[in-house]
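Asker: Have a peek at entry_7.cif (mmCIF, N, CA, C and O atoms).
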data_upload
#
loop_
_atom_site.label_atom_id
_atom_site.label_comp_id
_atom_site.auth_asym_id
_atom_site.auth_seq_id
_atom_site.Cartn_x
_atom_site.Cartn_y
_atom_site.Cartn_z
N MET A 1 7.42 0.89 -15.46
CA MET A 1 7.87 1.35 -14.15
C MET A 1 7.11 2.64 -13.81
O MET A 1 7.03 3.55 -14.63
N CYS A 2 6.55 2.73 -12.61
CA CYS A 2 5.78 3.90 -12.21
C CYS A 2 6.70 5.06 -11.83
O CYS A 2 7.90 4.88 -11.63
N ILE A 3 6.13 6.25 -11.73
CA ILE A 3 6.91 7.45 -11.43
C ILE A 3 7.63 7.33 -10.08
O ILE A 3 8.77 7.78 -9.95
N PHE A 4 6.99 6.73 -9.08
CA PHE A 4 7.65 6.60 -7.78
C PHE A 4 8.80 5.60 -7.85
O PHE A 4 9.83 5.79 -7.20
N CYS A 5 8.65 4.54 -8.62
CA CYS A 5 9.77 3.60 -8.80
C CYS A 5 10.93 4.30 -9.49
O CYS A 5 12.10 4.05 -9.16
N LYS A 6 10.64 5.19 -10.42
CA LYS A 6 11.70 5.96 -11.10
C LYS A 6 12.38 6.92 -10.13
O LYS A 6 13.59 7.12 -10.21
N ILE A 7 11.62 7.51 -9.22
CA ILE A 7 12.22 8.38 -8.19
C ILE A 7 13.11 7.55 -7.28
O ILE A 7 14.25 7.93 -6.99
N VAL A 8 12.62 6.40 -6.84
CA VAL A 8 13.39 5.50 -5.98
C VAL A 8 14.70 5.10 -6.68
O VAL A 8 15.76 5.07 -6.07
N ALA A 9 14.63 4.83 -7.99
CA ALA A 9 15.80 4.39 -8.75
C ALA A 9 16.74 5.56 -9.09
O ALA A 9 17.82 5.32 -9.63
N GLY A 10 16.32 6.79 -8.81
CA GLY A 10 17.15 7.94 -9.13
C GLY A 10 17.04 8.40 -10.58
O GLY A 10 17.82 9.24 -11.03
N GLU A 11 16.06 7.86 -11.31
CA GLU A 11 15.88 8.23 -12.70
C GLU A 11 15.15 9.56 -12.86
O GLU A 11 15.27 10.21 -13.90
N ILE A 12 14.37 9.93 -11.84
CA ILE A 12 13.66 11.21 -11.82
C ILE A 12 14.11 11.94 -10.57
O ILE A 12 14.09 11.37 -9.47
N PRO A 13 14.52 13.20 -10.70
CA PRO A 13 14.96 13.94 -9.51
C PRO A 13 13.80 14.24 -8.57
O PRO A 13 12.64 14.36 -9.00
N SER A 14 14.11 14.33 -7.29
CA SER A 14 13.12 14.72 -6.29
C SER A 14 13.85 15.47 -5.19
O SER A 14 15.08 15.42 -5.10
N ARG A 15 13.09 16.16 -4.39
CA ARG A 15 13.66 16.88 -3.25
C ARG A 15 13.53 15.99 -2.03
O ARG A 15 12.61 16.12 -1.24
N LYS A 16 14.48 15.06 -1.90
CA LYS A 16 14.45 14.06 -0.84
C LYS A 16 14.75 14.70 0.51
O LYS A 16 15.63 15.52 0.64
N LYS A 17 14.00 14.26 1.50
CA LYS A 17 14.20 14.67 2.88
C LYS A 17 14.78 13.55 3.73
O LYS A 17 15.38 13.80 4.76
N TYR A 18 14.57 12.30 3.28
CA TYR A 18 15.07 11.15 4.02
C TYR A 18 15.09 9.95 3.08
O TYR A 18 14.23 9.83 2.20
N GLU A 19 16.05 9.06 3.29
CA GLU A 19 16.10 7.81 2.54
C GLU A 19 16.85 6.76 3.35
O GLU A 19 17.85 7.07 4.00
N ASP A 20 16.34 5.53 3.32
CA ASP A 20 17.06 4.40 3.89
C ASP A 20 16.85 3.21 2.95
O ASP A 20 16.45 3.40 1.79
N ASP A 21 17.12 2.00 3.42
CA ASP A 21 17.01 0.82 2.56
C ASP A 21 15.58 0.47 2.16
O ASP A 21 15.37 -0.24 1.17
N GLU A 22 14.60 0.97 2.93
CA GLU A 22 13.21 0.56 2.70
C GLU A 22 12.29 1.65 2.18
O GLU A 22 11.30 1.35 1.51
N ILE A 23 12.58 2.91 2.51
CA ILE A 23 11.66 4.01 2.16
C ILE A 23 12.44 5.23 1.68
O ILE A 23 13.64 5.37 1.92
N VAL A 24 11.71 6.11 1.03
CA VAL A 24 12.22 7.43 0.68
C VAL A 24 11.10 8.43 1.00
O VAL A 24 9.92 8.14 0.80
N ILE A 25 11.49 9.59 1.53
CA ILE A 25 10.54 10.67 1.82
C ILE A 25 11.00 11.87 1.01
O ILE A 25 12.17 12.28 1.09
N PHE A 26 10.08 12.44 0.23
CA PHE A 26 10.41 13.58 -0.61
C PHE A 26 9.23 14.55 -0.67
O PHE A 26 8.11 14.20 -0.30
N GLU A 27 9.52 15.78 -1.13
CA GLU A 27 8.48 16.80 -1.23
C GLU A 27 7.50 16.48 -2.34
O GLU A 27 7.90 16.06 -3.43
N ASP A 28 6.21 16.69 -2.07
CA ASP A 28 5.17 16.55 -3.08
C ASP A 28 5.29 17.71 -4.07
O ASP A 28 5.51 18.85 -3.65
N ILE A 29 5.12 17.44 -5.36
CA ILE A 29 5.25 18.51 -6.35
C ILE A 29 3.99 19.38 -6.45
O ILE A 29 4.01 20.44 -7.08
N GLU A 30 2.89 18.92 -5.84
CA GLU A 30 1.65 19.70 -5.80
C GLU A 30 1.19 19.78 -4.35
O GLU A 30 0.20 19.16 -3.96
N PRO A 31 1.89 20.57 -3.52
CA PRO A 31 1.61 20.59 -2.08
C PRO A 31 0.21 21.09 -1.75
O PRO A 31 -0.29 22.03 -2.36
N LYS A 32 -0.39 20.42 -0.76
CA LYS A 32 -1.72 20.79 -0.25
C LYS A 32 -1.62 21.39 1.14
O LYS A 32 -2.63 21.70 1.76
N ALA A 33 -0.40 21.58 1.64
CA ALA A 33 -0.14 22.18 2.95
C ALA A 33 1.24 22.82 2.88
O ALA A 33 2.02 22.56 1.95
N LYS A 34 1.55 23.62 3.89
CA LYS A 34 2.86 24.28 3.94
C LYS A 34 3.98 23.23 3.84
O LYS A 34 4.96 23.43 3.12
N ILE A 35 3.83 22.13 4.55
CA ILE A 35 4.72 20.99 4.40
C ILE A 35 3.88 19.84 3.86
O ILE A 35 2.87 19.47 4.44
N HIS A 36 4.28 19.34 2.71
CA HIS A 36 3.58 18.19 2.11
C HIS A 36 4.64 17.27 1.54
O HIS A 36 5.27 17.56 0.52
N LEU A 37 4.85 16.16 2.23
CA LEU A 37 5.84 15.17 1.85
C LEU A 37 5.16 13.87 1.48
O LEU A 37 4.02 13.62 1.89
N LEU A 38 5.85 13.05 0.73
CA LEU A 38 5.39 11.71 0.41
C LEU A 38 6.39 10.71 0.94
O LEU A 38 7.59 10.86 0.73
N CYS A 39 5.90 9.71 1.63
CA CYS A 39 6.72 8.61 2.11
C CYS A 39 6.38 7.39 1.25
O CYS A 39 5.23 6.96 1.23
N VAL A 40 7.39 6.89 0.53
CA VAL A 40 7.18 5.84 -0.45
C VAL A 40 8.04 4.63 -0.10
O VAL A 40 9.26 4.76 0.01
N PRO A 41 7.43 3.45 0.06
CA PRO A 41 8.24 2.25 0.19
C PRO A 41 9.00 2.01 -1.10
O PRO A 41 8.47 2.24 -2.20
N LYS A 42 10.22 1.55 -1.01
CA LYS A 42 10.99 1.28 -2.22
C LYS A 42 10.45 0.08 -2.99
O LYS A 42 10.58 0.01 -4.20
N GLU A 43 9.83 -0.84 -2.29
CA GLU A 43 9.20 -1.98 -2.94
C GLU A 43 7.88 -1.54 -3.54
O GLU A 43 7.05 -0.90 -2.89
N HIS A 44 7.65 -1.90 -4.80
CA HIS A 44 6.42 -1.48 -5.47
C HIS A 44 5.25 -2.39 -5.12
O HIS A 44 5.31 -3.61 -5.29
N PHE A 45 4.21 -1.79 -4.60
CA PHE A 45 2.88 -2.38 -4.50
C PHE A 45 1.92 -1.22 -4.41
O PHE A 45 2.25 -0.15 -3.90
N ALA A 46 0.74 -1.38 -4.96
CA ALA A 46 -0.17 -0.25 -5.13
C ALA A 46 -1.09 0.00 -3.95
O ALA A 46 -1.38 1.16 -3.63
N TYR A 47 -1.56 -1.06 -3.31
CA TYR A 47 -2.63 -0.93 -2.32
C TYR A 47 -2.31 -1.64 -1.02
O TYR A 47 -1.55 -2.61 -1.01
N LEU A 48 -2.94 -1.20 0.04
CA LEU A 48 -2.81 -1.89 1.32
C LEU A 48 -3.30 -3.34 1.21
O LEU A 48 -2.77 -4.22 1.88
N SER A 49 -4.26 -3.57 0.34
CA SER A 49 -4.77 -4.93 0.16
C SER A 49 -3.71 -5.86 -0.42
O SER A 49 -3.87 -7.08 -0.38
N GLU A 50 -2.61 -5.30 -0.95
CA GLU A 50 -1.50 -6.09 -1.48
C GLU A 50 -0.35 -6.18 -0.49
O GLU A 50 0.73 -6.66 -0.82
N ALA A 51 -0.56 -5.71 0.74
CA ALA A 51 0.52 -5.60 1.71
C ALA A 51 0.65 -6.81 2.63
O ALA A 51 1.37 -6.75 3.62
N GLY A 52 -0.02 -7.91 2.30
CA GLY A 52 0.14 -9.12 3.11
C GLY A 52 1.61 -9.52 3.15
O GLY A 52 2.28 -9.55 2.13
N GLY A 53 2.12 -9.76 4.34
CA GLY A 53 3.53 -10.08 4.50
C GLY A 53 4.42 -8.86 4.65
O GLY A 53 5.62 -8.99 4.89
N LYS A 54 3.85 -7.69 4.48
CA LYS A 54 4.61 -6.44 4.57
C LYS A 54 4.26 -5.63 5.83
O LYS A 54 4.56 -4.46 5.93
N GLU A 55 3.62 -6.30 6.78
CA GLU A 55 3.18 -5.61 8.00
C GLU A 55 4.36 -4.98 8.73
O GLU A 55 4.25 -3.85 9.23
N ALA A 56 5.48 -5.67 8.81
CA ALA A 56 6.65 -5.13 9.52
C ALA A 56 7.17 -3.89 8.81
O ALA A 56 7.52 -2.89 9.45
N LEU A 57 7.21 -3.90 7.49
CA LEU A 57 7.64 -2.73 6.72
C LEU A 57 6.71 -1.55 7.00
O LEU A 57 7.18 -0.43 7.24
N LEU A 58 5.41 -1.79 6.97
CA LEU A 58 4.46 -0.70 7.21
C LEU A 58 4.61 -0.15 8.62
O LEU A 58 4.59 1.07 8.83
N GLY A 59 4.80 -1.02 9.59
CA GLY A 59 5.01 -0.58 10.97
C GLY A 59 6.28 0.24 11.11
O GLY A 59 6.28 1.31 11.73
N ARG A 60 7.38 -0.24 10.53
CA ARG A 60 8.64 0.51 10.60
C ARG A 60 8.51 1.86 9.91
O ARG A 60 9.08 2.86 10.36
N THR A 61 7.74 1.90 8.83
CA THR A 61 7.54 3.15 8.10
C THR A 61 6.85 4.19 8.98
O THR A 61 7.29 5.34 9.08
N LEU A 62 5.79 3.78 9.65
CA LEU A 62 5.06 4.72 10.53
C LEU A 62 5.94 5.17 11.70
O LEU A 62 5.95 6.35 12.06
N VAL A 63 6.68 4.25 12.28
CA VAL A 63 7.57 4.60 13.39
C VAL A 63 8.67 5.54 12.92
O VAL A 63 9.04 6.49 13.62
N LYS A 64 9.19 5.34 11.70
CA LYS A 64 10.24 6.21 11.16
C LYS A 64 9.71 7.62 10.93
O LYS A 64 10.38 8.60 11.24
N ILE A 65 8.49 7.74 10.41
CA ILE A 65 7.90 9.07 10.23
C ILE A 65 7.82 9.79 11.57
O ILE A 65 8.20 10.96 11.67
N ALA A 66 7.36 9.10 12.59
CA ALA A 66 7.27 9.71 13.92
C ALA A 66 8.64 10.11 14.44
O ALA A 66 8.81 11.19 15.02
N ALA A 67 9.65 9.29 14.21
CA ALA A 67 11.00 9.59 14.69
C ALA A 67 11.60 10.79 13.97
O ALA A 67 12.44 11.50 14.53
N LEU A 68 11.17 11.04 12.74
CA LEU A 68 11.68 12.15 11.94
C LEU A 68 10.88 13.43 12.10
O LEU A 68 11.14 14.42 11.41
N GLN A 69 9.89 13.43 12.98
CA GLN A 69 8.97 14.56 13.11
C GLN A 69 9.71 15.90 13.20
O GLN A 69 9.41 16.83 12.44
N LYS A 70 10.66 16.02 14.09
CA LYS A 70 11.37 17.29 14.27
C LYS A 70 12.21 17.61 13.04
O LYS A 70 12.19 18.74 12.53
N GLU A 71 12.94 16.63 12.53
CA GLU A 71 13.81 16.83 11.37
C GLU A 71 13.02 17.28 10.14
O GLU A 71 13.52 18.04 9.31
N LEU A 72 11.78 16.83 10.03
CA LEU A 72 10.93 17.18 8.88
C LEU A 72 10.16 18.48 9.10
O LEU A 72 9.42 18.91 8.22
N GLY A 73 10.34 19.13 10.26
CA GLY A 73 9.67 20.40 10.53
C GLY A 73 8.24 20.24 10.99
O GLY A 73 7.43 21.16 10.83
N LEU A 74 7.91 19.11 11.59
CA LEU A 74 6.53 18.79 11.97
C LEU A 74 6.32 18.78 13.48
O LEU A 74 5.47 18.05 13.99
N GLU A 75 7.09 19.62 14.19
CA GLU A 75 7.03 19.63 15.66
C GLU A 75 5.64 19.92 16.20
O GLU A 75 5.28 19.45 17.27
N ASP A 76 4.86 20.71 15.47
CA ASP A 76 3.54 21.11 15.95
C ASP A 76 2.43 20.15 15.54
O ASP A 76 1.25 20.44 15.73
N GLY A 77 2.80 19.03 14.95
CA GLY A 77 1.81 18.04 14.55
C GLY A 77 1.78 17.84 13.05
O GLY A 77 2.32 18.63 12.29
N TYR A 78 1.16 16.75 12.65
CA TYR A 78 1.08 16.41 11.24
C TYR A 78 -0.07 15.46 10.99
O TYR A 78 -0.62 14.87 11.93
N ARG A 79 -0.43 15.32 9.76
CA ARG A 79 -1.50 14.41 9.34
C ARG A 79 -0.91 13.42 8.34
O ARG A 79 -0.15 13.82 7.45
N LEU A 80 -1.29 12.16 8.46
CA LEU A 80 -0.92 11.14 7.50
C LEU A 80 -2.16 10.73 6.71
O LEU A 80 -3.22 10.51 7.30
N VAL A 81 -2.01 10.63 5.39
CA VAL A 81 -3.13 10.26 4.52
C VAL A 81 -2.65 9.19 3.55
O VAL A 81 -1.59 9.34 2.93
N VAL A 82 -3.44 8.13 3.43
CA VAL A 82 -3.15 7.07 2.45
C VAL A 82 -4.39 6.93 1.57
O VAL A 82 -5.41 6.42 2.02
N ASN A 83 -4.30 7.41 0.35
CA ASN A 83 -5.40 7.29 -0.59
C ASN A 83 -5.35 5.91 -1.23
O ASN A 83 -4.28 5.44 -1.63
N GLN A 84 -6.50 5.26 -1.33
CA GLN A 84 -6.58 3.91 -1.88
C GLN A 84 -7.61 3.88 -3.00
O GLN A 84 -8.81 3.85 -2.76
N GLY A 85 -7.17 3.90 -4.23
CA GLY A 85 -8.05 3.84 -5.39
C GLY A 85 -8.37 5.21 -5.96
O GLY A 85 -8.20 6.24 -5.31
N GLU A 86 -8.82 5.20 -7.20
CA GLU A 86 -9.11 6.45 -7.90
C GLU A 86 -10.17 7.29 -7.21
O GLU A 86 -10.05 8.51 -7.13
N ASN A 87 -11.23 6.67 -6.70
CA ASN A 87 -12.29 7.43 -6.04
C ASN A 87 -11.80 8.13 -4.79
O ASN A 87 -12.38 9.12 -4.36
N ALA A 88 -10.70 7.66 -4.21
CA ALA A 88 -10.13 8.28 -3.02
C ALA A 88 -9.04 9.29 -3.38
O ALA A 88 -8.46 9.92 -2.49
N GLY A 89 -8.73 9.42 -4.66
CA GLY A 89 -7.73 10.39 -5.09
C GLY A 89 -6.35 9.83 -5.31
O GLY A 89 -5.39 10.58 -5.47
N GLN A 90 -6.21 8.50 -5.34
CA GLN A 90 -4.89 7.91 -5.60
C GLN A 90 -4.58 8.03 -7.08
O GLN A 90 -5.23 7.42 -7.92
N THR A 91 -3.58 8.85 -7.41
CA THR A 91 -3.23 9.07 -8.81
C THR A 91 -2.01 8.26 -9.24
O THR A 91 -1.82 8.01 -10.43
N VAL A 92 -1.17 7.84 -8.30
CA VAL A 92 -0.02 6.99 -8.60
C VAL A 92 -0.28 5.64 -7.93
O VAL A 92 -0.49 5.57 -6.72
N LYS A 93 -0.25 4.59 -8.72
CA LYS A 93 -0.54 3.25 -8.22
C LYS A 93 0.71 2.62 -7.60
O LYS A 93 1.21 1.58 -8.03
N HIS A 94 1.24 3.29 -6.59
CA HIS A 94 2.36 2.81 -5.77
C HIS A 94 2.02 3.32 -4.38
O HIS A 94 1.82 4.53 -4.21
N LEU A 95 1.90 2.42 -3.43
CA LEU A 95 1.50 2.84 -2.09
C LEU A 95 2.38 3.99 -1.61
O LEU A 95 3.61 3.95 -1.77
N HIS A 96 1.76 5.02 -1.08
CA HIS A 96 2.51 6.15 -0.53
C HIS A 96 1.68 6.81 0.56
O HIS A 96 0.45 6.73 0.56
N ILE A 97 2.39 7.43 1.49
CA ILE A 97 1.76 8.11 2.61
C ILE A 97 2.02 9.60 2.45
O ILE A 97 3.17 10.03 2.38
N HIS A 98 0.94 10.38 2.40
CA HIS A 98 1.08 11.83 2.40
C HIS A 98 1.32 12.27 3.84
O HIS A 98 0.61 11.84 4.76
N ILE A 99 2.32 13.12 4.03
CA ILE A 99 2.63 13.69 5.33
C ILE A 99 2.40 15.18 5.21
O ILE A 99 3.08 15.87 4.45
N LEU A 100 1.39 15.68 5.92
CA LEU A 100 0.99 17.09 5.82
C LEU A 100 1.17 17.79 7.15
O LEU A 100 0.84 17.23 8.20
N GLY A 101 1.66 19.02 7.12
CA GLY A 101 1.84 19.77 8.36
C GLY A 101 2.38 21.16 8.10
O GLY A 101 2.31 21.68 6.99
N GLY A 102 2.93 21.74 9.16
CA GLY A 102 3.50 23.08 9.06
C GLY A 102 2.49 24.20 9.22
O GLY A 102 2.84 25.37 9.13
N GLU A 103 1.24 23.83 9.44
CA GLU A 103 0.17 24.81 9.61
C GLU A 103 -1.04 24.10 10.22
O GLU A 103 -1.07 22.87 10.30
N ILE A 104 -2.04 24.87 10.61
CA ILE A 104 -3.30 24.27 11.07
C ILE A 104 -4.02 23.72 9.86
O ILE A 104 -4.24 24.44 8.88
N LEU A 105 -4.36 22.44 9.90
CA LEU A 105 -4.97 21.78 8.76
C LEU A 105 -6.48 21.70 8.92
O LEU A 105 -6.98 21.14 9.88
N PRO A 106 -7.21 22.22 7.93
CA PRO A 106 -8.68 22.14 7.99
C PRO A 106 -9.15 20.74 7.59
O PRO A 106 -8.39 19.95 7.03
N TRP A 107 -10.40 20.46 7.86
CA TRP A 107 -11.00 19.18 7.45
C TRP A 107 -11.78 19.35 6.15
O TRP A 107 -12.86 18.82 6.02
N GLU A 108 -11.26 20.08 5.22
CA GLU A 108 -11.98 20.34 3.95
C GLU A 108 -11.37 19.58 2.81
O GLU A 108 -10.23 19.28 2.77
#
Kindly transcribe the structure held in the file into structure tokens.

Answerer:
Amino acid sequence: MCIFCKIVAGEIPSRKKYEDDEIVIFEDIEPKAKIHLLCVPKEHFAYLSEAGGKEALLGRTLVKIAALQKELGLEDGYRLVVNQGENAGQTVKHLHIHILGGEILPWE
């Protein structure tokens, strides 16, 4: 079981900001911005290439992030990042969306 599955199952504590039947949003333990959250589907799959049949889940996830913008402290804007594979910086093989904001974000 991967670390995100353990967080979803409540086996590892996290600083959750939101949770429903399909996703959980929690603080990243190594933040790269003033606000750095991770949005994790509760269903385990590692890559977008494995998301066939999960298009509705992915769509609802993006819409939910947008709906939570104010509640998450992202009123001034935010960036979403999905790393795919080791060369892109994906360290946990469970699909997740980085939500970054709370400051002006550079392109570095």

Asker: I want to know what sits within 8 Å of segment 31-38 of chain A, based on all atoms listed in the file, with residues of the same chain fewer than 6 positions away left out; could you give that as a VMD selection string?

Answerer: chain A and resid 15 to 18 23 to 25 72 to 73 77 to 81 95 to 106

Asker: Put those residues in a file: N, CA, C and O atoms, as a compact mmCIF listing (two decimals), in the frame of the given file.

Answerer:
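Final output, saved to again_17.txt:
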# COMPACT_ATOMS: atom_id res chain seq x y z
N ARG A 15 13.09 16.16 -4.39
CA ARG A 15 13.66 16.88 -3.25
C ARG A 15 13.53 15.99 -2.03
O ARG A 15 12.61 16.12 -1.24
N LYS A 16 14.48 15.06 -1.90
CA LYS A 16 14.45 14.06 -0.84
C LYS A 16 14.75 14.70 0.51
O LYS A 16 15.63 15.52 0.64
N LYS A 17 14.00 14.26 1.50
CA LYS A 17 14.20 14.67 2.88
C LYS A 17 14.78 13.55 3.73
O LYS A 17 15.38 13.80 4.76
N TYR A 18 14.57 12.30 3.28
CA TYR A 18 15.07 11.15 4.02
C TYR A 18 15.09 9.95 3.08
O TYR A 18 14.23 9.83 2.20
N ILE A 23 12.58 2.91 2.51
CA ILE A 23 11.66 4.01 2.16
C ILE A 23 12.44 5.23 1.68
O ILE A 23 13.64 5.37 1.92
N VAL A 24 11.71 6.11 1.03
CA VAL A 24 12.22 7.43 0.68
C VAL A 24 11.10 8.43 1.00
O VAL A 24 9.92 8.14 0.80
N ILE A 25 11.49 9.59 1.53
CA ILE A 25 10.54 10.67 1.82
C ILE A 25 11.00 11.87 1.01
O ILE A 25 12.17 12.28 1.09
N LEU A 72 11.78 16.83 10.03
CA LEU A 72 10.93 17.18 8.88
C LEU A 72 10.16 18.48 9.10
O LEU A 72 9.42 18.91 8.22
N GLY A 73 10.34 19.13 10.26
CA GLY A 73 9.67 20.40 10.53
C GLY A 73 8.24 20.24 10.99
O GLY A 73 7.43 21.16 10.83
N GLY A 77 2.80 19.03 14.95
CA GLY A 77 1.81 18.04 14.55
C GLY A 77 1.78 17.84 13.05
O GLY A 77 2.32 18.63 12.29
N TYR A 78 1.16 16.75 12.65
CA TYR A 78 1.08 16.41 11.24
C TYR A 78 -0.07 15.46 10.99
O TYR A 78 -0.62 14.87 11.93
N ARG A 79 -0.43 15.32 9.76
CA ARG A 79 -1.50 14.41 9.34
C ARG A 79 -0.91 13.42 8.34
O ARG A 79 -0.15 13.82 7.45
N LEU A 80 -1.29 12.16 8.46
CA LEU A 80 -0.92 11.14 7.50
C LEU A 80 -2.16 10.73 6.71
O LEU A 80 -3.22 10.51 7.30
N VAL A 81 -2.01 10.63 5.39
CA VAL A 81 -3.13 10.26 4.52
C VAL A 81 -2.65 9.19 3.55
O VAL A 81 -1.59 9.34 2.93
N LEU A 95 1.90 2.42 -3.43
CA LEU A 95 1.50 2.84 -2.09
C LEU A 95 2.38 3.99 -1.61
O LEU A 95 3.61 3.95 -1.77
N HIS A 96 1.76 5.02 -1.08
CA HIS A 96 2.51 6.15 -0.53
C HIS A 96 1.68 6.81 0.56
O HIS A 96 0.45 6.73 0.56
N ILE A 97 2.39 7.43 1.49
CA ILE A 97 1.76 8.11 2.61
C ILE A 97 2.02 9.60 2.45
O ILE A 97 3.17 10.03 2.38
N HIS A 98 0.94 10.38 2.40
CA HIS A 98 1.08 11.83 2.40
C HIS A 98 1.32 12.27 3.84
O HIS A 98 0.61 11.84 4.76
N ILE A 99 2.32 13.12 4.03
CA ILE A 99 2.63 13.69 5.33
C ILE A 99 2.40 15.18 5.21
O ILE A 99 3.08 15.87 4.45
N LEU A 100 1.39 15.68 5.92
CA LEU A 100 0.99 17.09 5.82
C LEU A 100 1.17 17.79 7.15
O LEU A 100 0.84 17.23 8.20
N GLY A 101 1.66 19.02 7.12
CA GLY A 101 1.84 19.77 8.36
C GLY A 101 2.38 21.16 8.10
O GLY A 101 2.31 21.68 6.99
N GLY A 102 2.93 21.74 9.16
CA GLY A 102 3.50 23.08 9.06
C GLY A 102 2.49 24.20 9.22
O GLY A 102 2.84 25.37 9.13
N GLU A 103 1.24 23.83 9.44
CA GLU A 103 0.17 24.81 9.61
C GLU A 103 -1.04 24.10 10.22
O GLU A 103 -1.07 22.87 10.30
N ILE A 104 -2.04 24.87 10.61
CA ILE A 104 -3.30 24.27 11.07
C ILE A 104 -4.02 23.72 9.86
O ILE A 104 -4.24 24.44 8.88
N LEU A 105 -4.36 22.44 9.90
CA LEU A 105 -4.97 21.78 8.76
C LEU A 105 -6.48 21.70 8.92
O LEU A 105 -6.98 21.14 9.88
N PRO A 106 -7.21 22.22 7.93
CA PRO A 106 -8.68 22.14 7.99
C PRO A 106 -9.15 20.74 7.59
O PRO A 106 -8.39 19.95 7.03

Asker: Can you measure atom N of Met1 of chain A to atom CA of Leu62 of chain A for me? One decimal in Å is fine.

Answerer: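 Separating atom N of Met1 of chain A from atom CA of Leu62 of chain A is a distance of 26.4 Å.
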
Asker: Within 12 Å of Glu50 of chain A, counting only C-alpha atoms, which residues show up once you throw out same-chain ones fewer than 5 positions away? Write them as a VMD selection string, please.

Answerer: chain A and resid 43 to 45 55 58 84 93 to 95

Asker: Can you check which residues of chain A DSSP gives as alpha helix (DSSP H) on the backbone and send them as an MDAnalysis selection string?

Answerer: chainID A and resid 3:8 55:67

Asker: Just checking: using only C-alpha atoms, which residue out of A:Lys54, A:Ile3, A:Gly10, A:Leu48 ends up closest to Glu22 of chain A?

Answerer: A:Lys54

Asker: Would you compute the distance between atom CA of Gly53 of chain A and atom CA of Ile12 of chain A? Give it in Å to one decimal.

Answerer: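 Atom-to-atom, atom CA of Gly53 of chain A and atom CA of Ile12 of chain A are spaced 28.7 Å apart.
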
Asker: Between A:Asp28, A:Ser49, A:Ala88, A:Lys42, which has the minimum distance to Val8 of chain A (counting all atoms listed in the file)?

Answerer: A:Lys42

Asker: Can you work out which one of A:Glu11, A:Asn87, A:Leu68, A:Phe4 has the shortest atom-to-atom distance to Val40 of chain A, counting all atoms listed in the file?

Answerer: A:Phe4

Asker: Can you work out the spacing between atom C of Ile7 of chain A and atom C of Ala51 of chain A in Å, to one decimal?

Answerer: 21.4 Å
